[in-house]
Amino acid sequence: MPVARPEPQEPRVIAHVDMDCFYVQVEQRRNPELRGQPTAVVQYNDWKGGGLIAVSYEARKFGVKRSMRGDEAKMVCPSINLVQVPVARDKADLNVYRSAGSEVVAILSTKGKCERASIDEVYLDLTDAAKEMLLESPPELLELIFEEATKSNILGLPSDVSNREDSVRAWLCRADADYQDKLLSCGAIIVAQLRVKVLEETQFTCSAGIAHNKMLAKLVSGMHKPAQQTVVPSSAVQDFLVSLPIKKMKQLGGKLGSSLQDDLGVNTVGDLLSFTEDKLQEYYGVNTGTWLWKIARGISGEEVEDRLLPKSHGCGKTFPGPKALKNNASVKTWLDRLCEELSERIQSDLNQNKRIAQTLTLYARACKKNKSDSIKKFPSKSCPLRYGTVKIQEDAMKLFESGLHDFLGSQNTKWSITSLSVSASKIFDIPIGTSSILRYIKGPNSTVSPANLNCSSLPEDPSLGNKLYIAPNHEEHCEPSLSEKEDCGNNSNLAKQCQIKEEKKVSKKLTEVKGTCSILKFLSQSPVLSEKRKFDSLICSHPGPESSSEPNKAEEHKAAQYVDRNKFNTAGSNSASSSTWMFNVEDIDPAVVEELPPEIQREIHGWIRPPKQSSSKTRGSTISSYFQPAKSGQGLMEKELRSSKGGRPHNSG
């Protein structure tokens, strides 16, 4: 249900730009011989000549309507040119129209916040541009007003006067106008300039509505078509809305509008004005009741979203009459085609715009042979979206089977599908610095190549360079105590011996399991990487069950004390140009991991889901462990300290 949003305190200038029979214009640009001729664009379908999706104004004069089929349009207008939409995978391919729409958006977005609402319509927030114009060159001080702006339709001004352009010019240049109307005047001039620029650069005409909110701008953008614009001053809002059919209002064309007509007898917006806010809240709840009360008075706080790209991607197909799908095999055939197109589009969005979709949704229209339960609709079904054509196809079919089960219930009856579509939604920009793990697998022995990837690499973060730093979240970094640091400085030879011994132990552990390899094998090597890996294996590793004895713990901890940190730090600082890189295990895509060799999967799963650790703490991991009574450990510690400090016993008490 609609919810009322707070209205901004400052007046705004909002425009809704709507392309004129856009699909026809695109075809006329592709084939200039169609200009000035009755033309219609027909969607791919051989049933009765296909469905019309756009009709030129020349064809409309003959009575051709968009609701007609191609054969019917030819009967009304024998000279009409029917242009078929491009076809791919046995269905309409709208990419040529999407690309043309992007050309228009690129021009319109130069003047303010731009929200692409569909292929052929855009919302603009021109408030800042209008304020700047009003401050620097207000219309009342201009010697000449942009000619296209003087052709605007101003609600409330007489439209039947002989010198209408002079009347519009006078309204735009009023010195005594209030601040809101002055902003609208600037907005009207800016929109006129944009429309002319669109025509010059793309050969497309468009119409526009200019008002103080999105709702009013949308309502008036189509009032004077083609290639015109309409302005709604605040003083003309009530007269404009009072006779407007309630079904013309946004979000009132469905059940809510029907409820207003049936339950309250509301047929026009003017009828809605007779109800108090409390009464509307009583019928439709607090939020929707307040929203209805406000829109009846032309109040809307909906913001223009700064979005040049679509909020979702969808692919669909209708199956009218005898073309209805009546078994799972035919449904799967079409779902595979739709999912293939959807996969291409979301992959292109990922590559070009660095955006990723998160939700896959299936929609269908269906009917049963037994129409006793015909009111029940086929439920839409959603699931997390997995990239890759095959995965999307598999998930879409599972969603269909789930929806069909809910649709049929316990009935065992025949069914048919008349419409089928899939969509990818919840699209977000990829966070800077994240990347697929596969982009790092480029060693000489790797079997992974870019050609085998279903999903291309994610964007790199330039701030990270090419540094490698694998940091499993479950690891603990154990720092030596102060006394140990002192011992470390006096026993450099022992440190080197411990380091060599520990490296041999780590190497032995890595080769215990024959026939397996670590994922690090596939990564590019460098001296810094080698040193870093040794450093991590000594400092950060937890002892496993086989190494939980006290002597081993003490040996590993002492080795950690004497690691030559300066060697690693120096190497790291002197090799900024080496092929090292950084990576966070939280960014690993589980779906990508499943495609890796089993032994590498196990290693990565160990990073993501660390094994359960024993409750006993590693000796030396906390300061309290140095004060625990351990006879053998106490004697060993005293012996070492006597040798390093002149033989004086150390009293831990």
# chains A, B, ... in the order shown; residues from 1 in each chain; ligands from 1
call {"tool": "select_by_dssp", "arguments": {"residues": "stretch 220-251 of chain A", "states": "strand (DSSP E or B)", "output": "list in words"}}
result
Gln229, Thr230, Val231 and Pro245 of chain A
call {"tool": "write_last_selection", "arguments": {"atoms": "N, CA and C atoms", "output": "PDB file, in the first residue's frame"}}
result
ATOM      1  N   GLN A 229       5.906  20.724 -24.042  1.00  0.00           N
ATOM      2  CA  GLN A 229       6.082  20.624 -22.600  1.00  0.00           C
ATOM      3  C   GLN A 229       4.995  21.418 -21.890  1.00  0.00           C
ATOM      4  N   THR A 230       4.673  20.978 -20.660  1.00  0.00           N
ATOM      5  CA  THR A 230       3.588  21.571 -19.883  1.00  0.00           C
ATOM      6  C   THR A 230       4.096  21.919 -18.495  1.00  0.00           C
ATOM      7  N   VAL A 231       3.748  23.106 -18.021  1.00  0.00           N
ATOM      8  CA  VAL A 231       4.187  23.604 -16.712  1.00  0.00           C
ATOM      9  C   VAL A 231       2.977  23.704 -15.787  1.00  0.00           C
ATOM     10  N   PRO A 245      -9.838  11.845 -13.480  1.00  0.00           N
ATOM     11  CA  PRO A 245     -10.329  10.526 -13.050  1.00  0.00           C
ATOM     12  C   PRO A 245      -9.373   9.890 -12.047  1.00  0.00           C
TER      13      PRO A 245
END
call {"tool": "residues_around", "arguments": {"residues": "A:Arg307", "least_positions_apart": "6", "cutoff": "9 Å", "atoms": "only C-alpha atoms", "output": "list in words"}}
result
Lys113, Cys114, Glu115, Arg116 and Ala117 of chain A
call {"tool": "atom_distance", "arguments": {"atom1": "atom CA of A:Arg337", "atom2": "atom CA of A:Gln393"}}
result
8.6 Å
call {"tool": "closest_residue", "arguments": {"among": "A:Asp263, A:Glu143, A:Glu27, A:Glu103", "to": "A:Glu200", "atoms": "only C-alpha atoms"}}
result
A:Glu103
call {"tool": "atom_distance", "arguments": {"atom1": "atom CA of A:Leu264", "atom2": "atom CA of A:Lys279"}}
result
10.6 Å
call {"tool": "atom_distance", "arguments": {"atom1": "atom CA of A:Ala149", "atom2": "atom CA of A:Cys186"}}
result
9.6 Å
call {"tool": "closest_residue", "arguments": {"among": "A:Val122, A:Met249, A:Met215, A:Val191", "to": "A:Gly101", "atoms": "only C-alpha atoms"}}
result
A:Val122
call {"tool": "residues_around", "arguments": {"residues": "A:His16", "least_positions_apart": "3", "cutoff": "7 Å", "atoms": "only C-alpha atoms", "output": "ChimeraX atom specification"}}
result
/A:122-124,208-210,217-218,221
call {"tool": "closest_residue", "arguments": {"among": "A:Val3, A:Ser152, A:Lys182, A:Glu282", "to": "A:Arg169", "atoms": "only C-alpha atoms"}}
result
A:Ser152
call {"tool": "select_by_dssp", "arguments": {"residues": "stretch 11-113 of chain A", "states": "alpha helix (DSSP H)", "output": "MDAnalysis selection string"}}
result
chainID A and resid 22:30 57:60 70:76 95:108
call {"tool": "write_last_selection", "arguments": {"atoms": "C-alpha atoms", "output": "compact mmCIF listing (two decimals), in the first residue's frame"}}
result
# COMPACT_ATOMS: atom_id res chain seq x y z
CA PHE A 22 9.87 5.99 -28.98
CA TYR A 23 10.11 2.57 -30.66
CA VAL A 24 8.77 4.09 -33.91
CA GLN A 25 11.30 6.92 -33.73
CA VAL A 26 14.13 4.43 -33.33
CA GLU A 27 12.96 2.52 -36.42
CA GLN A 28 12.54 5.77 -38.36
CA ARG A 29 16.12 6.72 -37.54
CA ARG A 30 17.27 3.31 -38.76
CA TYR A 57 1.05 9.85 -34.83
CA GLU A 58 0.44 9.57 -38.57
CA ALA A 59 -1.13 6.12 -38.03
CA ARG A 60 -3.17 7.32 -35.06
CA GLY A 70 -1.18 -6.20 -36.79
CA ASP A 71 -3.96 -7.62 -38.99
CA GLU A 72 -6.53 -5.30 -37.42
CA ALA A 73 -4.26 -2.28 -37.91
CA LYS A 74 -3.98 -3.09 -41.63
CA MET A 75 -7.75 -3.19 -41.93
CA VAL A 76 -8.03 0.28 -40.34
CA ASN A 95 18.44 -4.05 -26.85
CA VAL A 96 18.43 -1.61 -29.77
CA TYR A 97 15.77 0.47 -27.97
CA ARG A 98 17.56 0.29 -24.64
CA SER A 99 20.74 1.60 -26.25
CA ALA A 100 18.85 4.45 -27.91
CA GLY A 101 17.27 5.34 -24.57
CA SER A 102 20.72 5.47 -22.99
CA GLU A 103 21.73 8.12 -25.55
CA VAL A 104 18.88 10.33 -24.36
CA VAL A 105 19.63 9.76 -20.68
CA ALA A 106 23.26 10.75 -21.20
CA ILE A 107 22.10 14.17 -22.43
CA LEU A 108 19.37 14.77 -19.86
